[in-house]
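Presented below is the structure to which this report refers.
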Amino acid sequence: MDPAKRILASLVSTSQCIHTIAAQYANAKDVSQVRGHSLIRLEMELQAISASCRAILEILDDPSRSRQYIIDDRLIGWLSNAEPRRCLATLNEMQDLLKVDRGVQPFNVPSEFSCPEGEDEVIVAVSTLFHSRKSHFHFLLTGDIWNYEAGAGLKQNISNAASEITRIPRQHPPIAANYMMSEDESLRKREAISLKLNKFLHFLDALGCAAKQKETSSLRQLDTCTWLFSTEEYKSWRDANNSLLLLHGKAGAGKTVLASAAIDDLLETKHEEEILAYFYCDFRTGRSTSAVEVMRSILAQLVAPLCAVLVEPEDLLDDLLKDSNNRAALFYNVKGLSRCLSKIAKLCPRKPLLVVDALDECREVETLLDGLIMAKDDVRIFVTSRPH
């Protein structure tokens, strides 16, 4: 089994194990205390994670299914970076919080977790841990946006898979009507958010660069390019002391390979609350030489994971969709896209990390550079280019 399949299989088994242990815990506790919003939301999210992983495994195991369910560059990029391993590590930590000799014993709940009145502290601790790292799971929780055209079919597949997840029968009275209402409202809310996000991403029609990143990374020799990460300039940019880092070099000097090394390093080392976006300008591909295309791709890479971690992402999505109705201001205008980038970046817990390779291959170099500089106070930008 290849590494991607192995991690996906582990995500399925671990999420189902957490679901089972949480159910056992709920059986042994007072229903009025445990069957709160935190447990309902946690169960739904674990179902979505398990079902999404199973759907991806089905596609990977049967290439003929790719004609029905198309996974685009965004998911390929997610599978090829460190985030699936981070997802598994998070689920393992959640399982450790719940599992004490598989019995219901006193739990060590970390001091940073606070428990709302009427909720169980263990479930809140597990749920809070998950939501503090939710950005790593954004592809698994929004499976219907991997590819817009195939979204409806994939969403139905995930829905069917979720319904098959075994639930431990509970030895207590039925859930109170107000909890059922909370679950229904939570599901409708999540579907509404997914629909709005889907609509905005479809509007952007962003160009993905995950395949280019994978191809370029494969050209890099082992233990090369690491000198970059020890330079004072890179460390200062990485630590957010400088917002803009520009790497100059002549044609053929290896700037693109260095950019791919930086992207791999950031994917491996970025903090849980940091979001990375990157773009490769390439004169051989028409769309990738457009300043507007660069900005749209960066926006798409930021907004999806951000919506996964925001408590209330509806306001942001409503604003973005409202802006998108004025196509001249956003769709074709770099300044409008730059203002939108700043709006999104300001909502991120830390300044987003942006990597743009081969700036000189963009047809509108000055326009793109102006747009990036407009947003430099809200993001950290690493750019490679030939000298001008």
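Within each chain, counting starts at residue 1; across the structure tokens, chains are named A, B, ... in the order shown, with ligands numbered 1 upward in that order.
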
Output as a tab-separated table one row per residue of region 270-363 of chain A within 12 Å of region 211-225 of chain A: the closest atom pair and its distance in Å to one decimal place, counting only C-alpha atoms, sorted by chain and residue number ascending.
```
residue	atom	partner	partner_atom	distance
A:Ala277	CA	A:Gln213	CA	11.6
A:Tyr278	CA	A:Gln213	CA	9.0
A:Phe279	CA	A:Gln213	CA	8.9
A:Tyr280	CA	A:Lys212	CA	7.5
A:Cys281	CA	A:Lys212	CA	10.3
A:Asp282	CA	A:Lys212	CA	10.0
A:Thr285	CA	A:Lys212	CA	11.5
A:Ser288	CA	A:Lys212	CA	11.3
A:Val355	CA	A:Gln213	CA	11.4
A:Val356	CA	A:Gln213	CA	11.6
A:Asp357	CA	A:Gln213	CA	10.6
```

key: Selection near Arg363 (chain A), 8 Å with only C-alpha atoms, sequence-local residues under 4 positions removed, as a VMD selection string   = chain A and resid 289 to 291

task = Rank nothing, just name the residue among A:Ala210, A:Asp378, A:Lys346, A:Ile49 nearest to Phe139 (chain A), using only C-alpha atoms.
result = A:Ile49

message = Set the distance at 10 Å and use only C-alpha atoms: which residues neighbour region 306-309 of chain A once local chain neighbours fewer than 2 positions away are removed? I'd like the list as a PyMOL selection string.
response = chain A and resi 131-139+141-142+193-194+197+273-275+301-304+311-314+316-317+344-345+347-349

Closest atom pairs, residues of region 236-284 of chain A within 9 Å of region 74-91 of chain A, only C-alpha atoms, as CSV:
```
residue,atom,partner,partner_atom,distance
A:Asp264,CA,A:Asn81,CA,7.5
A:Leu267,CA,A:Ala82,CA,6.3
A:Glu268,CA,A:Ala82,CA,5.6
A:Thr269,CA,A:Ala82,CA,8.9
A:Glu272,CA,A:Arg86,CA,8.9
```
